[in-house]
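Colleague: Here it is, the structure, as structure tokens.
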Amino acid sequence: MRKLGFKGKNLIAIAVVAVMAMSGFGVYQTQAAGSVDTNAKVTITAKLAEGDDSLFAQRYTGQVEVRLYKIATLDSTGKATITDNFSDAGIDLDTLNSSNVTVEDVQKKIVEPALAALDNLYGTADNTDYKSFNVNVNNGEGSGNIELEKGAGIYLYVPQDVTDSRYTYSFTSYILFAPSSEYISGEGTSDTWKYDVSFYLKSSATPRLGYLGIAKSLKTYNESLGTASFVYTVEAKLDGKTVFSNVYALNFNKAGEDYIEVADEDGNPIIPAGAEVTVTEEYTGASYKMTATSYTMNQPDENGNYVTKTVDTPVIDADEVLVANFTNDYDDELQVGGISVINTFELNSNDEYVYVGNNIGNNQSEDNEGGN
């Protein structure tokens, strides 16, 4: 175990770095506030900052789990000892002895090595070596805390990601020093050690995406008319704005069923969750009339079992696939059909659109009943 000694004024500097990481102010120092009571109970609180206008604060209601990892213990003189779990992590606590230590210094030399160590220590299973508590969030406000017996030390706090229907919210991980003081936190002028410390949740939001499928059933096929081609436009709107628009095609060489998923070339979803979609069969195939259309999605029934249900408002769900269903049949007309070709162009580095291919051959499948 590695031991490091900190002067009293540096103890305050450590705490200030942790506090200022959330508030955005600079780092400063003051005089020592006396010895640390290593037998005292420490209370650690996580909360939302007043006036937080982030998407998380505006939208999220629920709990955020915060995990605390003790990366160093302190004795009464302020000597820090890195805990066994983090002794080989490459954490440089000497960083905190600098008079001009910055948030970026702490992030690079302490936080990042500690987080990397977590992947090895806790990545495969839950581990009881951390303490956790929940922050209850509602209407832009929220707080939660935990009490730790003989808790003086340096902690890495790691809020866990949460989601709602449209976003995944991630949070900044950082360190905090317990105890702190009113002077450090800006709550007063006293430099007496306080064993209840707090930090703000600093969030970022990433839009979630969902899948849309187009399912086609062709009841009857007239071989003499050739390939039956069906073309669909897909449009998605979110908050009144068009966020997705594209064209897709299915080609049939016999009666049966076929399916195409609206995704990128790697099969990843591309439509924002929460967007309302409209799928229109623009071309129904020569001599083939549409007989039925609907939107369906797997949804839980009254017993919690997932079943396919018709949805009246087709909205993209990040957890389920929305399917637009179309059924067509031969209409006894003799109009010769043809294959629908969708040409694809990409913008190159010279701001020129270059042809890169089409759907012919790329989507053919002899295994599908209908074929692409």
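Residues in the structure tokens are numbered from 1 in each chain, the chains being A, B, ... in the order shown, and ligands are numbered from 1 in the order shown.
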Which of stretch 123-354 of chain A end up as strand (DSSP E) when DSSP is run on this backbone - answer as a PyMOL selection string?

Modeller: chain A and resi 131-138+141-148+153-159+162-163+167-171+174-178+180-181+193-194+196-200+203-207+209-210+212-218+228-238+241-252+256-262+271-272+276-283+288-300+306-310+322-330+343-347+353-354

Colleague: Would you pick out the contacts of A:Glu149 at 8 Å or less, using only C-alpha atoms, so that residues sharing its chain but fewer than 6 positions from it are not included, and give the list as number ranges by chain?

Modeller: A: 39-42

Colleague: Need the shell around A:Arg166: protein/DNA/RNA residues with any atom at most 10 Å away, counting only C-alpha atoms. Skip same-chain ones fewer than 4 positions apart. Format as an MDAnalysis selection string?

Modeller: chainID A and resid 59 205:210 272:275 316:318

Colleague: Write to file, as a PDB file, in the first residue's frame, the residues of the selection just made, with N, CA, C and O atoms.

Modeller:
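Output below, filename again_20.pdb:
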```
ATOM      1  N   ARG A  59     -36.320  16.437 -18.107  1.00  0.00           N
ATOM      2  CA  ARG A  59     -37.142  15.331 -18.572  1.00  0.00           C
ATOM      3  C   ARG A  59     -37.212  14.135 -17.619  1.00  0.00           C
ATOM      4  O   ARG A  59     -38.237  13.452 -17.577  1.00  0.00           O
ATOM      5  N   ALA A 205     -26.757  13.923 -22.395  1.00  0.00           N
ATOM      6  CA  ALA A 205     -27.859  13.129 -22.954  1.00  0.00           C
ATOM      7  C   ALA A 205     -27.519  12.668 -24.361  1.00  0.00           C
ATOM      8  O   ALA A 205     -27.033  13.444 -25.185  1.00  0.00           O
ATOM      9  N   THR A 206     -27.781  11.395 -24.636  1.00  0.00           N
ATOM     10  CA  THR A 206     -27.581  10.823 -25.966  1.00  0.00           C
ATOM     11  C   THR A 206     -28.923  10.300 -26.475  1.00  0.00           C
ATOM     12  O   THR A 206     -29.565   9.491 -25.789  1.00  0.00           O
ATOM     13  N   PRO A 207     -29.379  10.746 -27.652  1.00  0.00           N
ATOM     14  CA  PRO A 207     -30.667  10.255 -28.163  1.00  0.00           C
ATOM     15  C   PRO A 207     -30.644   8.743 -28.361  1.00  0.00           C
ATOM     16  O   PRO A 207     -29.659   8.169 -28.837  1.00  0.00           O
ATOM     17  N   ARG A 208     -31.741   8.098 -27.995  1.00  0.00           N
ATOM     18  CA  ARG A 208     -31.890   6.669 -28.252  1.00  0.00           C
ATOM     19  C   ARG A 208     -32.498   6.489 -29.645  1.00  0.00           C
ATOM     20  O   ARG A 208     -33.205   7.368 -30.151  1.00  0.00           O
ATOM     21  N   LEU A 209     -32.219   5.358 -30.260  1.00  0.00           N
ATOM     22  CA  LEU A 209     -32.717   5.050 -31.594  1.00  0.00           C
ATOM     23  C   LEU A 209     -33.526   3.763 -31.547  1.00  0.00           C
ATOM     24  O   LEU A 209     -33.369   2.953 -30.640  1.00  0.00           O
ATOM     25  N   GLY A 210     -34.394   3.579 -32.546  1.00  0.00           N
ATOM     26  CA  GLY A 210     -35.220   2.381 -32.578  1.00  0.00           C
ATOM     27  C   GLY A 210     -35.384   1.844 -33.986  1.00  0.00           C
ATOM     28  O   GLY A 210     -35.075   2.519 -34.982  1.00  0.00           O
ATOM     29  N   PRO A 272     -34.785   8.195 -34.483  1.00  0.00           N
ATOM     30  CA  PRO A 272     -34.831   8.566 -33.076  1.00  0.00           C
ATOM     31  C   PRO A 272     -36.065   8.013 -32.369  1.00  0.00           C
ATOM     32  O   PRO A 272     -37.175   8.046 -32.911  1.00  0.00           O
ATOM     33  N   ALA A 273     -35.861   7.490 -31.169  1.00  0.00           N
ATOM     34  CA  ALA A 273     -36.977   7.012 -30.359  1.00  0.00           C
ATOM     35  C   ALA A 273     -37.903   8.174 -30.031  1.00  0.00           C
ATOM     36  O   ALA A 273     -37.471   9.301 -29.797  1.00  0.00           O
ATOM     37  N   GLY A 274     -39.197   7.891 -30.052  1.00  0.00           N
ATOM     38  CA  GLY A 274     -40.197   8.916 -29.803  1.00  0.00           C
ATOM     39  C   GLY A 274     -40.732   9.565 -31.063  1.00  0.00           C
ATOM     40  O   GLY A 274     -41.726  10.294 -31.012  1.00  0.00           O
ATOM     41  N   ALA A 275     -40.080   9.297 -32.193  1.00  0.00           N
ATOM     42  CA  ALA A 275     -40.535   9.886 -33.457  1.00  0.00           C
ATOM     43  C   ALA A 275     -41.762   9.137 -33.969  1.00  0.00           C
ATOM     44  O   ALA A 275     -41.830   7.908 -33.913  1.00  0.00           O
ATOM     45  N   ILE A 316     -41.729   5.276 -32.750  1.00  0.00           N
ATOM     46  CA  ILE A 316     -40.530   4.461 -32.596  1.00  0.00           C
ATOM     47  C   ILE A 316     -40.218   4.246 -31.121  1.00  0.00           C
ATOM     48  O   ILE A 316     -40.211   5.191 -30.324  1.00  0.00           O
ATOM     49  N   ASP A 317     -39.963   2.995 -30.776  1.00  0.00           N
ATOM     50  CA  ASP A 317     -39.636   2.600 -29.414  1.00  0.00           C
ATOM     51  C   ASP A 317     -38.214   2.046 -29.408  1.00  0.00           C
ATOM     52  O   ASP A 317     -37.874   1.194 -30.229  1.00  0.00           O
ATOM     53  N   ALA A 318     -37.378   2.529 -28.489  1.00  0.00           N
ATOM     54  CA  ALA A 318     -35.983   2.087 -28.455  1.00  0.00           C
ATOM     55  C   ALA A 318     -35.850   0.635 -28.014  1.00  0.00           C
ATOM     56  O   ALA A 318     -34.800   0.027 -28.217  1.00  0.00           O
TER      57      ALA A 318
END
```

Colleague: Quick one, how far is atom CA of A:Thr278 from atom CA of A:Gly226?

Modeller: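 Atom CA of A:Gly226 lies 29.0 Å from atom CA of A:Thr278.
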
Colleague: Might you pull out every residue within 7 Å of A:Val64, with only C-alpha atoms counted and same-chain residues fewer than 2 positions away left off, and present them as number ranges by chain?

Modeller: A: 62, 66, 134-136, 159-160, 162

Colleague: Kindly save the residues from that selection, with N, CA and C atoms included, as a CSV table (one decimal), in the first residue's frame.

Modeller:
```csv
chain,number,residue,atom,x,y,z
A,62,GLY,N,-37.2,9.7,-11.8
A,62,GLY,CA,-36.8,8.3,-11.3
A,62,GLY,C,-35.6,8.4,-10.5
A,66,VAL,N,-25.8,5.9,-7.5
A,66,VAL,CA,-24.5,6.4,-7.4
A,66,VAL,C,-23.6,5.4,-6.7
A,134,ASN,N,-29.2,5.9,-3.9
A,134,ASN,CA,-30.0,6.4,-5.0
A,134,ASN,C,-30.3,7.9,-4.8
A,135,VAL,N,-30.3,8.6,-5.9
A,135,VAL,CA,-30.8,10.0,-6.0
A,135,VAL,C,-32.2,10.0,-6.6
A,136,ASN,N,-33.1,10.5,-5.9
A,136,ASN,CA,-34.5,10.5,-6.5
A,136,ASN,C,-34.7,11.9,-7.2
A,159,PRO,N,-21.8,7.8,-10.9
A,159,PRO,CA,-23.3,7.7,-11.2
A,159,PRO,C,-23.5,6.8,-12.4
A,160,GLN,N,-24.5,5.9,-12.3
A,160,GLN,CA,-24.8,5.0,-13.3
A,160,GLN,C,-25.8,5.6,-14.4
A,162,VAL,N,-28.8,6.2,-16.9
A,162,VAL,CA,-30.2,5.9,-16.8
A,162,VAL,C,-30.8,6.3,-18.2
```

Colleague: Hey, which of A:Gly213, A:Val234, A:Ala80, A:Ala228 ends up closest to A:Tyr259? Count only C-alpha atoms.

Modeller: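 So, comparing all the options, the nearest one is A:Gly213.
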
Colleague: Could you pull the residues within 8 Å of A:Thr43, counting only C-alpha atoms, minus those fewer than 6 positions along the same chain, as a ChimeraX atom specification?

Modeller: /A:145-148,195-197

Colleague: For A:Asp161, work out the shell of residues within 7 Å, counting only C-alpha atoms and skipping chain neighbours fewer than 6 positions away, then give it as a list in words.

Modeller: Thr168, Tyr169, Ser170 and Phe171 of chain A

Colleague: DSSP on the backbone, then: every residue of stretch 83-205 of chain A marked alpha helix (DSSP H), written as a list in words.

Modeller: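 Going through stretch 83-205 of chain A, the alpha helix (DSSP H) residues come out as Val103, Glu104, Asp105, Val106, Glu112, Pro113, Ala114, Leu115, Ala116, Ala117, Leu118, Asp119, Asn120, Leu121, Tyr122, Glu182, Tyr183, Ile184 and Ser185 of chain A.
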
Colleague: Excluding same-chain residues fewer than 4 positions from A:Lys216, what lies within 12 Å of it counting only C-alpha atoms, as an MDAnalysis selection string?

Modeller: chainID A and resid 228:232 249:252 255:261 281 284:285 290:295 323:329 368:372

Colleague: Pick from A:Val243, A:Val277, A:Ala178, A:Ala49: nearest to A:Asp312, with only C-alpha atoms counted?

Modeller: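 For A:Asp312, the nearest of the given residues is A:Val277.
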
Colleague: Separation of atom CA of A:Asp94 and atom CA of A:Pro113, in Å?

Modeller: 13.8 Å

Colleague: Name the closest residue to A:Pro179 among the candidates A:Ser35, A:Gln58, A:Asn253, A:Thr310; distances are taken between atoms, counting only C-alpha atoms.

Modeller: A:Ser35

Colleague: With only C-alpha atoms as the atoms that count, which of A:Val101, A:Tyr69, A:Leu115, A:Thr61 lies nearest to A:Ser132?

Modeller: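 For A:Ser132, the nearest of the candidates is A:Tyr69.
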
Colleague: Find the distance between atom CA of A:Tyr283 and atom CA of A:Lys237 and write it in Å to one decimal.

Modeller: 22.3 Å

Colleague: So, counting only C-alpha atoms, which residue among A:Val307, A:Ile44, A:Val137, A:Val321 is closest to A:Lys194?

Modeller: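 Among the listed residues, A:Ile44 lies closest to A:Lys194.
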